[in-house]
Amino acid sequence: MSATPLVARTRDELAEILSPARSGGRPVGLVPTMGALHEGHASLMRVAREHVADGALVVSIFVNPLQFGAGEDLDRYPRTLEADLKVCEREGVDVVFAPSVDEVYPGGEPQVTVEPGPLATVLEGSTRPGHFRGVLTVVAKLLGLVRPDVAVFGEKDYQQLVLIKRMVLDLNMPVTVVGAPTQREPDGLALSSRNRYLEDEPRQEAVALSRTLRAAQEVAEYGADVALDAARAELRRTTGVDLDYLALTDPELGDLPPDVPAGTEARILVAARVGGTRLIDNMPLTLGSAPDQRQEEL
Ligand code: PAF
């Protein structure tokens, strides 16, 4: 059985707990979270453990006010520290860093923040202004506080992952960022802390998001247009899903050029409200250029 993780509430406690690993030259891994941990987070912890072996595995739990807009779910965002500690214990986490808002933002809202650039204005950013500024600012702070060798983020929040990689590259941050695959319910719904808001009917309807993405994946060999048409057709068959966006991009979230060659890697992303809860999902696909004999069926 794993030992109970040590809990650090302040930066000083964190520094003290991590000092043996640092002085012993052992690697430090970080999985930043907002808590309400589920199997998706557990899988990130396992990926981080693979990277740090017998080094120190840190999970941060911090609901970051800076990344929530007015009218978003900051107040009702689930806070479940006791249950979260059990998940961390089960996964062999060494340290849980669970700071207060004052600890992370001692002077109140920071005057200096990370400017996420143009990528933060599309997709999620188009309906959530300021969201990625808040995400990148807190991630920069957590990286500064924990000073990990490796930090693991889920592909479920794909735009966030791309932006964090970009920040680390552009600002020369000394950390390796690793993306880990999305975990899913048996029916395909991507695991998310927000799934717990879904009541019975919206929970059934929410599976439409992954079905939409899979529909595109299944015909990706016929090219980008066919893949997008298939996704749109799948969405038309759904009820209870209020679409925000459906986009097919390159893996860095840029536009795909017309007539991409066979074998081009792409990403399909969707965001929608289901029963009042905003959900996002995405999947990779490899575009082909096979002759389309299915188009009339779609
Ligand atoms: O993905 C999340 O849970 C959050 O956006 C993160 C990366 C922990 C920053 O608050």
# chains A, B, ... in the order shown; residues from 1 in each chain; ligands from 1
$ closest_atom_pairs --of "chain A" --to "ligand 1" --cutoff "8 Å" --atoms "only C-alpha atoms and all ligand atoms" --output "JSON lines"
{"residue": "A:Val31", "atom": "CA", "partner": "ligand 1", "partner_atom_place_in_ligand_line": "8 (C)", "distance": 7.9}
{"residue": "A:Pro32", "atom": "CA", "partner": "ligand 1", "partner_atom_place_in_ligand_line": "8 (C)", "distance": 4.4}
{"residue": "A:Thr33", "atom": "CA", "partner": "ligand 1", "partner_atom_place_in_ligand_line": "8 (C)", "distance": 3.7}
{"residue": "A:Met34", "atom": "CA", "partner": "ligand 1", "partner_atom_place_in_ligand_line": "3 (O)", "distance": 4.6}
{"residue": "A:Gly35", "atom": "CA", "partner": "ligand 1", "partner_atom_place_in_ligand_line": "3 (O)", "distance": 7.4}
{"residue": "A:Ser60", "atom": "CA", "partner": "ligand 1", "partner_atom_place_in_ligand_line": "8 (C)", "distance": 7.5}
{"residue": "A:Ile61", "atom": "CA", "partner": "ligand 1", "partner_atom_place_in_ligand_line": "8 (C)", "distance": 7.3}
{"residue": "A:Phe62", "atom": "CA", "partner": "ligand 1", "partner_atom_place_in_ligand_line": "10 (O)", "distance": 6.6}
{"residue": "A:Val63", "atom": "CA", "partner": "ligand 1", "partner_atom_place_in_ligand_line": "10 (O)", "distance": 6.3}
{"residue": "A:Asn64", "atom": "CA", "partner": "ligand 1", "partner_atom_place_in_ligand_line": "10 (O)", "distance": 5.2}
{"residue": "A:Gln67", "atom": "CA", "partner": "ligand 1", "partner_atom_place_in_ligand_line": "10 (O)", "distance": 7.1}
{"residue": "A:Gly134", "atom": "CA", "partner": "ligand 1", "partner_atom_place_in_ligand_line": "10 (O)", "distance": 7.7}
{"residue": "A:Val135", "atom": "CA", "partner": "ligand 1", "partner_atom_place_in_ligand_line": "9 (C)", "distance": 4.9}
{"residue": "A:Leu136", "atom": "CA", "partner": "ligand 1", "partner_atom_place_in_ligand_line": "9 (C)", "distance": 7.4}
{"residue": "A:Val138", "atom": "CA", "partner": "ligand 1", "partner_atom_place_in_ligand_line": "10 (O)", "distance": 6.0}
{"residue": "A:Val139", "atom": "CA", "partner": "ligand 1", "partner_atom_place_in_ligand_line": "9 (C)", "distance": 5.7}
{"residue": "A:Phe153", "atom": "CA", "partner": "ligand 1", "partner_atom_place_in_ligand_line": "7 (C)", "distance": 6.9}
{"residue": "A:Gly154", "atom": "CA", "partner": "ligand 1", "partner_atom_place_in_ligand_line": "1 (O)", "distance": 7.3}
{"residue": "A:Asp157", "atom": "CA", "partner": "ligand 1", "partner_atom_place_in_ligand_line": "1 (O)", "distance": 6.5}
{"residue": "A:Gln160", "atom": "CA", "partner": "ligand 1", "partner_atom_place_in_ligand_line": "5 (O)", "distance": 7.1}
$ write_last_selection --atoms "all heavy atoms" --output "compact mmCIF listing (two decimals), in the first residue's frame"
# COMPACT_ATOMS: atom_id res chain seq x y z
N VAL A 31 2.09 17.24 -11.58
CA VAL A 31 0.80 17.17 -12.27
C VAL A 31 -0.07 18.29 -11.70
O VAL A 31 -0.59 18.18 -10.58
CB VAL A 31 0.10 15.80 -12.05
CG1 VAL A 31 -1.25 15.79 -12.76
CG2 VAL A 31 0.98 14.67 -12.56
N PRO A 32 -0.22 19.40 -12.43
CA PRO A 32 -1.06 20.50 -11.94
C PRO A 32 -2.54 20.15 -12.13
O PRO A 32 -2.93 19.70 -13.21
CB PRO A 32 -0.68 21.69 -12.82
CG PRO A 32 0.57 21.28 -13.52
CD PRO A 32 0.50 19.80 -13.64
N THR A 33 -3.35 20.35 -11.11
CA THR A 33 -4.79 20.06 -11.22
C THR A 33 -5.58 21.13 -10.47
O THR A 33 -5.01 21.89 -9.68
CB THR A 33 -5.18 18.69 -10.60
OG1 THR A 33 -5.28 18.83 -9.17
CG2 THR A 33 -4.18 17.60 -10.94
N MET A 34 -6.89 21.10 -10.69
CA MET A 34 -7.77 21.93 -9.88
C MET A 34 -8.57 21.04 -8.93
O MET A 34 -9.63 21.44 -8.43
CB MET A 34 -8.70 22.75 -10.77
CG MET A 34 -7.91 23.71 -11.67
SD MET A 34 -8.83 25.16 -12.19
CE MET A 34 -10.16 24.42 -13.07
N GLY A 35 -8.09 19.83 -8.70
CA GLY A 35 -8.79 18.93 -7.78
C GLY A 35 -9.98 18.26 -8.44
O GLY A 35 -10.06 18.19 -9.67
N SER A 60 -0.38 19.31 -7.72
CA SER A 60 -0.90 20.54 -7.13
C SER A 60 -2.42 20.55 -7.29
O SER A 60 -2.96 20.09 -8.31
CB SER A 60 -0.27 21.78 -7.77
OG SER A 60 -0.60 21.84 -9.13
N ILE A 61 -3.08 21.03 -6.26
CA ILE A 61 -4.54 21.14 -6.27
C ILE A 61 -4.87 22.59 -5.95
O ILE A 61 -4.65 23.06 -4.83
CB ILE A 61 -5.17 20.20 -5.21
CG1 ILE A 61 -4.85 18.74 -5.56
CG2 ILE A 61 -6.68 20.44 -5.14
CD1 ILE A 61 -5.43 17.72 -4.59
N PHE A 62 -5.33 23.30 -6.97
CA PHE A 62 -5.58 24.73 -6.76
C PHE A 62 -6.62 25.18 -7.77
O PHE A 62 -6.40 25.10 -8.98
CB PHE A 62 -4.28 25.54 -6.93
CG PHE A 62 -4.49 27.02 -6.78
CD1 PHE A 62 -4.90 27.55 -5.56
CD2 PHE A 62 -4.29 27.88 -7.84
CE1 PHE A 62 -5.12 28.93 -5.41
CE2 PHE A 62 -4.50 29.26 -7.71
CZ PHE A 62 -4.92 29.77 -6.48
N VAL A 63 -7.78 25.62 -7.27
CA VAL A 63 -8.81 26.16 -8.16
C VAL A 63 -8.44 27.62 -8.41
O VAL A 63 -8.55 28.46 -7.51
CB VAL A 63 -10.22 26.01 -7.55
CG1 VAL A 63 -11.28 26.53 -8.53
CG2 VAL A 63 -10.51 24.55 -7.20
N ASN A 64 -7.98 27.87 -9.62
CA ASN A 64 -7.33 29.14 -9.94
C ASN A 64 -8.35 30.21 -10.36
O ASN A 64 -8.86 30.16 -11.49
CB ASN A 64 -6.36 28.88 -11.10
CG ASN A 64 -5.76 30.15 -11.66
OD1 ASN A 64 -5.52 31.10 -10.91
ND2 ASN A 64 -5.52 30.16 -12.96
N GLN A 67 -8.46 32.05 -13.94
CA GLN A 67 -8.82 31.48 -15.24
C GLN A 67 -10.33 31.33 -15.43
O GLN A 67 -10.77 30.78 -16.42
CB GLN A 67 -8.10 30.15 -15.47
CG GLN A 67 -8.57 29.00 -14.60
CD GLN A 67 -7.67 27.79 -14.76
OE1 GLN A 67 -6.55 27.77 -14.27
NE2 GLN A 67 -8.15 26.76 -15.43
N GLY A 134 -5.10 33.50 -17.56
CA GLY A 134 -5.17 32.96 -16.20
C GLY A 134 -4.50 31.60 -16.07
O GLY A 134 -3.79 31.33 -15.09
N VAL A 135 -4.72 30.75 -17.07
CA VAL A 135 -4.11 29.41 -17.02
C VAL A 135 -2.59 29.53 -17.08
O VAL A 135 -1.87 28.96 -16.25
CB VAL A 135 -4.62 28.52 -18.19
CG1 VAL A 135 -3.80 27.23 -18.28
CG2 VAL A 135 -6.10 28.19 -18.03
N LEU A 136 -2.09 30.28 -18.08
CA LEU A 136 -0.63 30.34 -18.24
C LEU A 136 0.03 31.03 -17.05
O LEU A 136 1.12 30.66 -16.62
CB LEU A 136 -0.26 31.06 -19.54
CG LEU A 136 -0.63 30.34 -20.84
CD1 LEU A 136 0.08 30.98 -22.03
CD2 LEU A 136 -0.33 28.85 -20.81
N VAL A 138 -0.97 30.98 -13.88
CA VAL A 138 -0.88 30.08 -12.72
C VAL A 138 0.09 28.93 -13.01
O VAL A 138 0.82 28.50 -12.11
CB VAL A 138 -2.27 29.57 -12.26
CG1 VAL A 138 -2.77 28.40 -13.09
CG2 VAL A 138 -2.22 29.18 -10.79
N VAL A 139 0.11 28.45 -14.24
CA VAL A 139 1.04 27.36 -14.56
C VAL A 139 2.48 27.87 -14.42
O VAL A 139 3.34 27.18 -13.86
CB VAL A 139 0.76 26.76 -15.95
CG1 VAL A 139 1.87 25.80 -16.38
CG2 VAL A 139 -0.58 26.01 -15.94
N PHE A 153 0.30 17.23 -18.48
CA PHE A 153 -1.02 17.83 -18.69
C PHE A 153 -1.83 16.92 -19.61
O PHE A 153 -1.26 16.25 -20.48
CB PHE A 153 -0.90 19.21 -19.35
CG PHE A 153 -0.15 20.21 -18.51
CD1 PHE A 153 1.23 20.27 -18.56
CD2 PHE A 153 -0.82 21.07 -17.66
CE1 PHE A 153 1.94 21.18 -17.78
CE2 PHE A 153 -0.13 21.99 -16.88
CZ PHE A 153 1.25 22.04 -16.93
N GLY A 154 -3.15 16.94 -19.44
CA GLY A 154 -4.00 16.07 -20.26
C GLY A 154 -4.26 16.65 -21.64
O GLY A 154 -4.41 17.86 -21.80
N ASP A 157 -7.66 18.90 -22.46
CA ASP A 157 -7.64 20.36 -22.63
C ASP A 157 -6.54 20.66 -23.64
O ASP A 157 -5.45 21.14 -23.29
CB ASP A 157 -7.38 21.04 -21.29
CG ASP A 157 -8.53 20.84 -20.34
OD1 ASP A 157 -9.63 21.30 -20.63
OD2 ASP A 157 -8.33 20.16 -19.30
N GLN A 160 -5.08 24.20 -24.15
CA GLN A 160 -4.26 24.53 -22.98
C GLN A 160 -2.88 23.88 -23.10
O GLN A 160 -1.85 24.52 -22.85
CB GLN A 160 -5.00 24.03 -21.73
CG GLN A 160 -4.15 23.96 -20.48
CD GLN A 160 -4.97 23.57 -19.26
OE1 GLN A 160 -5.76 24.36 -18.79
NE2 GLN A 160 -4.76 22.39 -18.72
$ residues_around --residues "Gly275 in chain A" --least-positions-apart "6" --cutoff "9 Å" --atoms "only C-alpha atoms" --output "PDB file with N, CA, C and O atoms, in the first residue's frame"
ATOM      1  N   TYR A 197     -21.601  17.499 -13.040  1.00  0.00           N
ATOM      2  CA  TYR A 197     -22.760  18.400 -13.115  1.00  0.00           C
ATOM      3  C   TYR A 197     -23.893  17.797 -13.954  1.00  0.00           C
ATOM      4  O   TYR A 197     -25.011  18.306 -13.936  1.00  0.00           O
ATOM      5  N   LEU A 198     -23.578  16.775 -14.760  1.00  0.00           N
ATOM      6  CA  LEU A 198     -24.548  16.271 -15.740  1.00  0.00           C
ATOM      7  C   LEU A 198     -25.600  15.393 -15.079  1.00  0.00           C
ATOM      8  O   LEU A 198     -25.264  14.401 -14.443  1.00  0.00           O
ATOM      9  N   GLU A 199     -26.860  15.762 -15.270  1.00  0.00           N
ATOM     10  CA  GLU A 199     -27.919  14.878 -14.774  1.00  0.00           C
ATOM     11  C   GLU A 199     -28.175  13.787 -15.810  1.00  0.00           C
ATOM     12  O   GLU A 199     -27.546  13.779 -16.865  1.00  0.00           O
ATOM     13  N   GLU A 201     -30.318  12.778 -18.207  1.00  0.00           N
ATOM     14  CA  GLU A 201     -30.536  12.952 -19.639  1.00  0.00           C
ATOM     15  C   GLU A 201     -29.344  13.648 -20.317  1.00  0.00           C
ATOM     16  O   GLU A 201     -28.815  13.144 -21.314  1.00  0.00           O
ATOM     17  N   PRO A 202     -28.868  14.781 -19.763  1.00  0.00           N
ATOM     18  CA  PRO A 202     -27.681  15.402 -20.367  1.00  0.00           C
ATOM     19  C   PRO A 202     -26.481  14.440 -20.400  1.00  0.00           C
ATOM     20  O   PRO A 202     -25.692  14.463 -21.348  1.00  0.00           O
ATOM     21  N   ARG A 203     -26.374  13.579 -19.399  1.00  0.00           N
ATOM     22  CA  ARG A 203     -25.253  12.622 -19.400  1.00  0.00           C
ATOM     23  C   ARG A 203     -25.334  11.707 -20.630  1.00  0.00           C
ATOM     24  O   ARG A 203     -24.315  11.400 -21.262  1.00  0.00           O
ATOM     25  N   GLU A 205     -26.880  12.529 -23.413  1.00  0.00           N
ATOM     26  CA  GLU A 205     -26.696  13.357 -24.614  1.00  0.00           C
ATOM     27  C   GLU A 205     -25.221  13.732 -24.823  1.00  0.00           C
ATOM     28  O   GLU A 205     -24.765  13.899 -25.948  1.00  0.00           O
ATOM     29  N   ALA A 206     -24.486  13.813 -23.715  1.00  0.00           N
ATOM     30  CA  ALA A 206     -23.096  14.292 -23.784  1.00  0.00           C
ATOM     31  C   ALA A 206     -22.195  13.383 -24.597  1.00  0.00           C
ATOM     32  O   ALA A 206     -21.161  13.817 -25.116  1.00  0.00           O
ATOM     33  N   GLY A 240     -30.222  18.016 -27.637  1.00  0.00           N
ATOM     34  CA  GLY A 240     -29.766  18.489 -26.332  1.00  0.00           C
ATOM     35  C   GLY A 240     -28.345  19.032 -26.321  1.00  0.00           C
ATOM     36  O   GLY A 240     -27.805  19.329 -25.272  1.00  0.00           O
ATOM     37  N   VAL A 241     -27.727  19.142 -27.510  1.00  0.00           N
ATOM     38  CA  VAL A 241     -26.343  19.615 -27.569  1.00  0.00           C
ATOM     39  C   VAL A 241     -26.318  20.978 -28.252  1.00  0.00           C
ATOM     40  O   VAL A 241     -26.695  21.103 -29.416  1.00  0.00           O
ATOM     41  N   ASP A 242     -25.898  21.986 -27.518  1.00  0.00           N
ATOM     42  CA  ASP A 242     -25.851  23.337 -28.049  1.00  0.00           C
ATOM     43  C   ASP A 242     -24.397  23.629 -28.449  1.00  0.00           C
ATOM     44  O   ASP A 242     -23.554  23.939 -27.600  1.00  0.00           O
TER      45      ASP A 242
END
$ select_by_dssp --residues "range 27-189 of chain A" --states "strand (DSSP E or B)" --output "MDAnalysis selection string"
chainID A and resid 28:33 56:61 95:97 150:154 176:180 184
$ write_last_selection --atoms "N, CA, C and O atoms" --output "CSV table (one decimal), in the first residue's frame"
chain,number,residue,atom,x,y,z
A,28,VAL,N,12.0,15.7,-10.1
A,28,VAL,CA,10.7,16.1,-9.6
A,28,VAL,C,9.7,16.2,-10.8
A,28,VAL,O,10.0,16.8,-11.8
A,29,GLY,N,8.6,15.6,-10.5
A,29,GLY,CA,7.5,15.6,-11.5
A,29,GLY,C,6.3,16.3,-11.0
A,29,GLY,O,6.0,16.2,-9.8
A,30,LEU,N,5.6,17.1,-11.8
A,30,LEU,CA,4.4,17.8,-11.4
A,30,LEU,C,3.2,17.5,-12.2
A,30,LEU,O,3.3,17.5,-13.5
A,31,VAL,N,2.1,17.2,-11.6
A,31,VAL,CA,0.8,17.2,-12.3
A,31,VAL,C,-0.1,18.3,-11.7
A,31,VAL,O,-0.6,18.2,-10.6
A,32,PRO,N,-0.2,19.4,-12.4
A,32,PRO,CA,-1.1,20.5,-11.9
A,32,PRO,C,-2.5,20.1,-12.1
A,32,PRO,O,-2.9,19.7,-13.2
A,33,THR,N,-3.4,20.3,-11.1
A,33,THR,CA,-4.8,20.1,-11.2
A,33,THR,C,-5.6,21.1,-10.5
A,33,THR,O,-5.0,21.9,-9.7
A,56,ALA,N,10.5,12.6,-6.9
A,56,ALA,CA,9.4,13.1,-6.2
A,56,ALA,C,8.2,13.5,-7.1
A,56,ALA,O,8.4,14.3,-8.1
A,57,LEU,N,7.1,12.9,-6.9
A,57,LEU,CA,5.9,13.2,-7.7
A,57,LEU,C,5.0,14.1,-6.9
A,57,LEU,O,4.5,13.8,-5.8
A,58,VAL,N,4.8,15.3,-7.5
A,58,VAL,CA,4.0,16.4,-6.8
A,58,VAL,C,2.7,16.6,-7.6
A,58,VAL,O,2.7,16.6,-8.8
A,59,VAL,N,1.6,16.6,-6.9
A,59,VAL,CA,0.3,17.0,-7.5
A,59,VAL,C,-0.1,18.3,-6.9
A,59,VAL,O,-0.2,18.4,-5.7
A,60,SER,N,-0.4,19.3,-7.7
A,60,SER,CA,-0.9,20.5,-7.1
A,60,SER,C,-2.4,20.5,-7.3
A,60,SER,O,-3.0,20.1,-8.3
A,61,ILE,N,-3.1,21.0,-6.3
A,61,ILE,CA,-4.5,21.1,-6.3
A,61,ILE,C,-4.9,22.6,-5.9
A,61,ILE,O,-4.7,23.1,-4.8
A,95,VAL,N,3.9,14.2,-2.8
A,95,VAL,CA,3.5,15.5,-2.2
A,95,VAL,C,2.3,16.1,-2.9
A,95,VAL,O,2.2,16.1,-4.1
A,96,VAL,N,1.4,16.5,-2.1
A,96,VAL,CA,0.2,17.3,-2.6
A,96,VAL,C,0.4,18.8,-2.2
A,96,VAL,O,0.6,19.1,-1.0
A,97,PHE,N,0.5,19.6,-3.2
A,97,PHE,CA,0.7,21.0,-2.9
A,97,PHE,C,-0.7,21.7,-3.1
A,97,PHE,O,-1.3,21.7,-4.2
A,150,VAL,N,9.7,17.6,-15.0
A,150,VAL,CA,8.7,17.3,-16.0
A,150,VAL,C,7.3,17.6,-15.4
A,150,VAL,O,7.1,17.5,-14.2
A,151,ALA,N,6.5,18.2,-16.3
A,151,ALA,CA,5.1,18.5,-15.9
A,151,ALA,C,4.2,17.8,-16.9
A,151,ALA,O,4.4,17.9,-18.1
A,152,VAL,N,3.1,17.2,-16.4
A,152,VAL,CA,2.2,16.4,-17.2
A,152,VAL,C,0.8,17.1,-17.3
A,152,VAL,O,0.3,17.4,-16.2
A,153,PHE,N,0.3,17.2,-18.5
A,153,PHE,CA,-1.0,17.8,-18.7
A,153,PHE,C,-1.8,16.9,-19.6
A,153,PHE,O,-1.3,16.3,-20.5
A,154,GLY,N,-3.1,16.9,-19.4
A,154,GLY,CA,-4.0,16.1,-20.3
A,154,GLY,C,-4.3,16.6,-21.6
A,154,GLY,O,-4.4,17.9,-21.8
A,176,THR,N,10.3,19.9,-19.0
A,176,THR,CA,9.7,19.1,-20.1
A,176,THR,C,8.2,19.0,-19.9
A,176,THR,O,7.8,18.5,-18.9
A,177,VAL,N,7.5,19.4,-20.9
A,177,VAL,CA,6.0,19.3,-20.8
A,177,VAL,C,5.6,18.1,-21.6
A,177,VAL,O,5.9,17.9,-22.7
A,178,VAL,N,4.8,17.2,-20.9
A,178,VAL,CA,4.4,16.0,-21.5
A,178,VAL,C,2.8,16.0,-21.6
A,178,VAL,O,2.2,16.3,-20.6
A,179,GLY,N,2.3,15.6,-22.7
A,179,GLY,CA,0.8,15.5,-22.9
A,179,GLY,C,0.4,14.1,-22.7
A,179,GLY,O,1.1,13.2,-23.3
A,180,ALA,N,-0.7,13.8,-22.0
A,180,ALA,CA,-1.1,12.5,-21.8
A,180,ALA,C,-2.5,12.3,-22.4
A,180,ALA,O,-3.4,13.2,-22.3
A,184,ARG,N,-11.5,8.0,-21.1
A,184,ARG,CA,-12.9,8.0,-21.4
A,184,ARG,C,-13.8,7.0,-20.6
A,184,ARG,O,-13.3,6.0,-20.2
$ residues_around --residues "range 211-213 of chain A" --least-positions-apart "3" --cutoff "7 Å" --atoms "only C-alpha atoms" --output "tab-separated table (two decimals) with N, CA and C atoms, in the first residue's frame"
chain	number	residue	atom	x	y	z
A	207	VAL	N	-22.59	12.15	-24.75
A	207	VAL	CA	-21.78	11.20	-25.50
A	207	VAL	C	-21.70	11.60	-26.98
A	208	ALA	N	-22.61	12.50	-27.38
A	208	ALA	CA	-22.61	12.98	-28.77
A	208	ALA	C	-21.27	13.64	-29.14
A	216	ALA	N	-15.70	11.65	-37.50
A	216	ALA	CA	-14.68	12.27	-38.36
A	216	ALA	C	-13.47	11.36	-38.49
A	217	GLN	N	-13.05	10.78	-37.37
A	217	GLN	CA	-11.87	9.90	-37.40
A	217	GLN	C	-12.08	8.75	-38.38
A	231	ALA	N	-18.60	14.69	-39.21
A	231	ALA	CA	-18.79	15.19	-37.84
A	231	ALA	C	-20.07	16.03	-37.78
A	234	GLU	N	-23.13	13.89	-37.86
A	234	GLU	CA	-23.36	13.24	-36.56
A	234	GLU	C	-24.00	14.23	-35.58
A	235	LEU	N	-23.52	15.48	-35.61
A	235	LEU	CA	-24.09	16.49	-34.71
A	235	LEU	C	-25.56	16.76	-35.02
A	268	ILE	N	-9.22	17.30	-34.38
A	268	ILE	CA	-10.61	17.76	-34.46
A	268	ILE	C	-11.07	18.07	-33.04
A	282	ASN	N	-11.64	16.44	-27.90
A	282	ASN	CA	-10.86	16.51	-29.14
A	282	ASN	C	-10.24	15.15	-29.41
A	283	MET	N	-9.87	14.93	-30.65
A	283	MET	CA	-9.19	13.67	-31.02
A	283	MET	C	-8.19	13.95	-32.13
$ residues_around --residues "range 82-93 of chain A" --least-positions-apart "3" --cutoff "9 Å" --atoms "only C-alpha atoms" --output "list in words"
Met1, Ser2, Ala3, Thr4, Pro5, Leu6, Val7, Gly35, Ala36, Leu37, His38, Glu39, His41, Ala42, Ser43, Met45, Arg46, Arg49, Ala56, Leu57, Val58, Val59, Ile61, Arg79 and Val96 of chain A
$ atom_distance --atom1 "CA of Val175 in chain A" --atom2 "CA of Pro148 in chain A"
6.4 Å
$ closest_residue --among "A:Thr127, A:Leu248, A:Glu155, A:Leu253" --to "Ser192 in chain A" --atoms "only C-alpha atoms"
A:Glu155
$ closest_residue --among "A:Asp244, A:Asp102, A:Asp250, A:Glu115" --to "Arg273 in chain A" --atoms "only C-alpha atoms"
A:Asp244
$ closest_residue --among "A:Val219, A:Leu169, A:Val52, A:Ala247" --to "Ala21 in chain A" --atoms "only C-alpha atoms"
A:Val52
$ closest_residue --among "A:Gly288, A:Pro181, A:Pro106, A:Pro116" --to "Val226 in chain A" --atoms "only C-alpha atoms"
A:Gly288
$ select_by_dssp --residues "range 11-248 of chain A" --states "helix (DSSP H, G or I)" --output "VMD selection string"
chain A and resid 11 to 23 39 to 52 65 to 67 81 to 90 101 to 104 118 to 121 124 to 127 131 to 146 158 to 170 193 to 197 200 to 218 220 to 222 224 to 236
$ atom_distance --atom1 "CA of Ala120 in chain A" --atom2 "CA of Leu163 in chain A"
7.7 Å
$ closest_residue --among "A:Asp73, A:Asp292, A:Asp229, A:Glu221" --to "Ala266 in chain A" --atoms "only C-alpha atoms"
A:Glu221
$ closest_residue --among "A:Ala227, A:Ile280, A:Ala8, A:Ala220" --to "Ser100 in chain A" --atoms "only C-alpha atoms"
A:Ala8
